[in-house]
Amino acid sequence: MTNWVGRTAAEIAAAVREKRATPREVVAEHLARIEKLDGRVGAFRVVRAEAALAEADEVGSRGDLGELPLAGVPVAVKDNLAVRAESNRVGSAATPDTPADADHEVVARLRAAGAVVVGLTNVPELCVFGTTEGVHGTSRNPWDTSRTAGGSSGGSAAAVAAGLVPVALGNDGMGSLRIPAANCGLVTLKPGSGVVPAGISDGDWFGMSENGPLATTVEDARLLLSVIAGTEFVRRDAPATLDVAVSLRSPLAGVTISAPYAQAVREAAGLLIKAGHQVRRADPPYPLSLGVTSLATWTAGTSVDAQGLDPRLLARRTRVHAAIGRRFVKTVRKGKARQELRERLEPFFAEHDVLLLPALARRSPKAEAWHERGWLRNVLANTNYSPLTPPWNLTGWPAMSVPLGTLPSGAPTAVQLVGRPGSETVLLEVAEELERRRPWRRTAPLD
């Protein structure tokens, strides 16, 4: 019997379309792996075993099975997106345990494409922090289970990196796709504004949050992104020679890039030079006020999301974050600082097609009870290891995380690719070039 665990989404969908596998057998194999390994990883809040098998049978009986881009592919969904008949807890005890009446639009698009939702994945409370732990569980990096998977899409990233599902859905408001993808050795793309339906929490964190894919290959990331965007990101026959800017400068003053992540960028730059691209050192003109803008926007988004929830049921770090943010909501909503940042960075991206920089500054924190620790300790831990993702949410421009290199522990490192608005296809092509020239191990050796 063929083992479908460990196969890519593209391989599984092709096999199901060609009747070499049934959706039920594919989903059943992945459910068995979840049962075997998720106790070590903590990816899922809810596993929909019985419902997923029933839905797999429905997919198998569809008359259009041979045309479905995700035919029979098991997917995991981040627990801040509605999945019909399941509650949406957003990592908190303060949210209602009420089943959703309907799927979120991107979940509906996955199902229409033939995917089967096997479960909802863990997140930090209200998806605030870059580590995933709380009342519903702790998500660990499958490559090094002593470390957090990252956040806030930590459960989704852990599920894919552990081979519990081939792909997963997450979202990104200040790095929440790219941080866990970088920790867990995955490919992700935070699309630019308006490319994929958002509808995340109350106002999408002032329009900064975007839904996106978590995958083990660029092909799978492209496939999932095409489905949720409702438009195909076609690979061009003759990719252009690009001007690639390389930066090792942290956007936040005083935060340095550790040696493994700096080395990953240098290696990626060398690979792109060999591919024929023009690659040169150039730092974006980050304003000194960027740290203040990031903190104000981050806390203000949480303040909006916490409205109407019983503060007694929120973790202390979340209460403090929301309380600080209340004073910034009106100012952040006007969007002046974000517009000024875009105007400051636009000339840089007029000169350069792609920015290559580290995905993280250093390895992720230990997988501990961060939700029981103070607010300042959480904020410092987050900003010290992940200062490089927020600028591209503030601008609303597309950004990717791509695995490249390893830490001394053997866990992956990663680089980040950023482009101007509408450059998702370009970023995917650059990521494919890196994958072709420096393939990575797709899933962690947990067995």
# chains A, B, ... in the order shown; residues from 1 in each chain; ligands from 1
>>> closest_atom_pairs(of="range 395-419 of chain A", to="range 215-230 of chain A", cutoff="12 Å", atoms="only C-alpha atoms", output="tab-separated table")
residue	atom	partner	partner_atom	distance
A:Met400	CA	A:Ala221	CA	10.3
A:Ser401	CA	A:Val218	CA	10.4
A:Val402	CA	A:Val218	CA	8.6
A:Pro403	CA	A:Thr216	CA	9.1
>>> residues_around(residues="Ala13 in chain A", least_positions_apart="2", cutoff="8 Å", atoms="only C-alpha atoms", output="VMD selection string")
chain A and resid 9 to 11 15 to 17 68 to 73
>>> closest_atom_pairs(of="range 348-380 of chain A", to="range 271-278 of chain A", cutoff="12 Å", atoms="only C-alpha atoms", output="CSV")
residue,atom,partner,partner_atom,distance
A:Glu351,CA,A:Gln278,CA,11.9
A:His352,CA,A:Gln278,CA,9.6
A:Asp353,CA,A:Gln278,CA,10.0
A:Val354,CA,A:Gln278,CA,10.4
A:Leu355,CA,A:Gln278,CA,11.8
A:Leu356,CA,A:Leu272,CA,10.1
>>> closest_atom_pairs(of="range 150-252 of chain A", to="range 131-144 of chain A", cutoff="8 Å", atoms="only C-alpha atoms", output="JSON lines")
{"residue": "A:Gly150", "atom": "CA", "partner": "A:Thr131", "partner_atom": "CA", "distance": 4.3}
{"residue": "A:Gly151", "atom": "CA", "partner": "A:Thr131", "partner_atom": "CA", "distance": 4.5}
{"residue": "A:Ser152", "atom": "CA", "partner": "A:Thr132", "partner_atom": "CA", "distance": 6.1}
{"residue": "A:Ser153", "atom": "CA", "partner": "A:Thr132", "partner_atom": "CA", "distance": 7.7}
{"residue": "A:Gly154", "atom": "CA", "partner": "A:Thr132", "partner_atom": "CA", "distance": 5.5}
{"residue": "A:Gly155", "atom": "CA", "partner": "A:Ser139", "partner_atom": "CA", "distance": 5.4}
{"residue": "A:Ala158", "atom": "CA", "partner": "A:Asn141", "partner_atom": "CA", "distance": 5.9}
{"residue": "A:Ala161", "atom": "CA", "partner": "A:Pro142", "partner_atom": "CA", "distance": 6.3}
{"residue": "A:Ala162", "atom": "CA", "partner": "A:Pro142", "partner_atom": "CA", "distance": 5.6}
{"residue": "A:Asn183", "atom": "CA", "partner": "A:Asn141", "partner_atom": "CA", "distance": 6.9}
{"residue": "A:Cys184", "atom": "CA", "partner": "A:Asn141", "partner_atom": "CA", "distance": 5.9}
>>> closest_residue(among="A:Trp4, A:Trp392, A:Tyr286, A:Trp370", to="Gln416 in chain A", atoms="only C-alpha atoms")
A:Trp392
>>> closest_residue(among="A:Val234, A:Ile324, A:Leu357, A:Leu341", to="Leu288 in chain A", atoms="only C-alpha atoms")
A:Leu341
>>> select_by_dssp(residues="range 27-247 of chain A", states="strand (DSSP E or B)", output="number ranges by chain")
A: 44-47, 74-78, 84, 87, 99-100, 116-121, 140-141, 144-148, 167-172, 187-190, 210-215, 243-246
>>> residues_around(residues="Leu189 in chain A", least_positions_apart="4", cutoff="8 Å", atoms="only C-alpha atoms", output="NGL selection string")
:A and (177-178 or 212-214 or 221 or 398-401 or 424)
>>> write_last_selection(atoms="N, CA and C atoms", output="PDB file, in the first residue's frame")
ATOM      1  N   LEU A 177       2.860  34.352   9.913  1.00  0.00           N
ATOM      2  CA  LEU A 177       3.169  33.236   9.019  1.00  0.00           C
ATOM      3  C   LEU A 177       4.680  33.023   8.925  1.00  0.00           C
ATOM      4  N   ARG A 178       5.403  34.102   8.712  1.00  0.00           N
ATOM      5  CA  ARG A 178       6.831  33.993   8.419  1.00  0.00           C
ATOM      6  C   ARG A 178       7.647  33.555   9.627  1.00  0.00           C
ATOM      7  N   GLY A 212      -2.576  33.228   4.326  1.00  0.00           N
ATOM      8  CA  GLY A 212      -1.593  32.681   3.410  1.00  0.00           C
ATOM      9  C   GLY A 212      -1.291  31.230   3.694  1.00  0.00           C
ATOM     10  N   PRO A 213      -0.478  30.588   2.840  1.00  0.00           N
ATOM     11  CA  PRO A 213      -0.186  29.160   2.933  1.00  0.00           C
ATOM     12  C   PRO A 213       1.047  28.853   3.775  1.00  0.00           C
ATOM     13  N   LEU A 214       1.074  27.663   4.340  1.00  0.00           N
ATOM     14  CA  LEU A 214       2.272  27.079   4.941  1.00  0.00           C
ATOM     15  C   LEU A 214       2.485  25.739   4.243  1.00  0.00           C
ATOM     16  N   ALA A 221       3.122  25.909  -1.954  1.00  0.00           N
ATOM     17  CA  ALA A 221       2.750  27.261  -1.532  1.00  0.00           C
ATOM     18  C   ALA A 221       2.049  27.995  -2.665  1.00  0.00           C
ATOM     19  N   PRO A 398       4.041  42.258  -0.226  1.00  0.00           N
ATOM     20  CA  PRO A 398       4.241  40.808  -0.095  1.00  0.00           C
ATOM     21  C   PRO A 398       5.621  40.463   0.450  1.00  0.00           C
ATOM     22  N   ALA A 399       5.666  39.372   1.245  1.00  0.00           N
ATOM     23  CA  ALA A 399       6.926  38.923   1.839  1.00  0.00           C
ATOM     24  C   ALA A 399       6.861  37.423   2.050  1.00  0.00           C
ATOM     25  N   MET A 400       7.980  36.765   1.818  1.00  0.00           N
ATOM     26  CA  MET A 400       8.077  35.307   1.947  1.00  0.00           C
ATOM     27  C   MET A 400       9.124  34.921   2.975  1.00  0.00           C
ATOM     28  N   SER A 401       8.960  33.719   3.534  1.00  0.00           N
ATOM     29  CA  SER A 401      10.024  33.050   4.279  1.00  0.00           C
ATOM     30  C   SER A 401      10.365  31.768   3.541  1.00  0.00           C
ATOM     31  N   GLU A 424       4.002  39.002  -6.060  1.00  0.00           N
ATOM     32  CA  GLU A 424       3.934  37.644  -5.509  1.00  0.00           C
ATOM     33  C   GLU A 424       4.555  36.617  -6.456  1.00  0.00           C
TER      34      GLU A 424
END
>>> atom_distance(atom1="CA of Ala198 in chain A", atom2="CA of Thr331 in chain A")
22.2 Å
>>> atom_distance(atom1="CA of Val332 in chain A", atom2="CA of Asn80 in chain A")
22.4 Å
>>> closest_residue(among="A:Pro284, A:Gly42, A:Pro23, A:Gly66", to="Ala245 in chain A", atoms="only C-alpha atoms")
A:Pro284
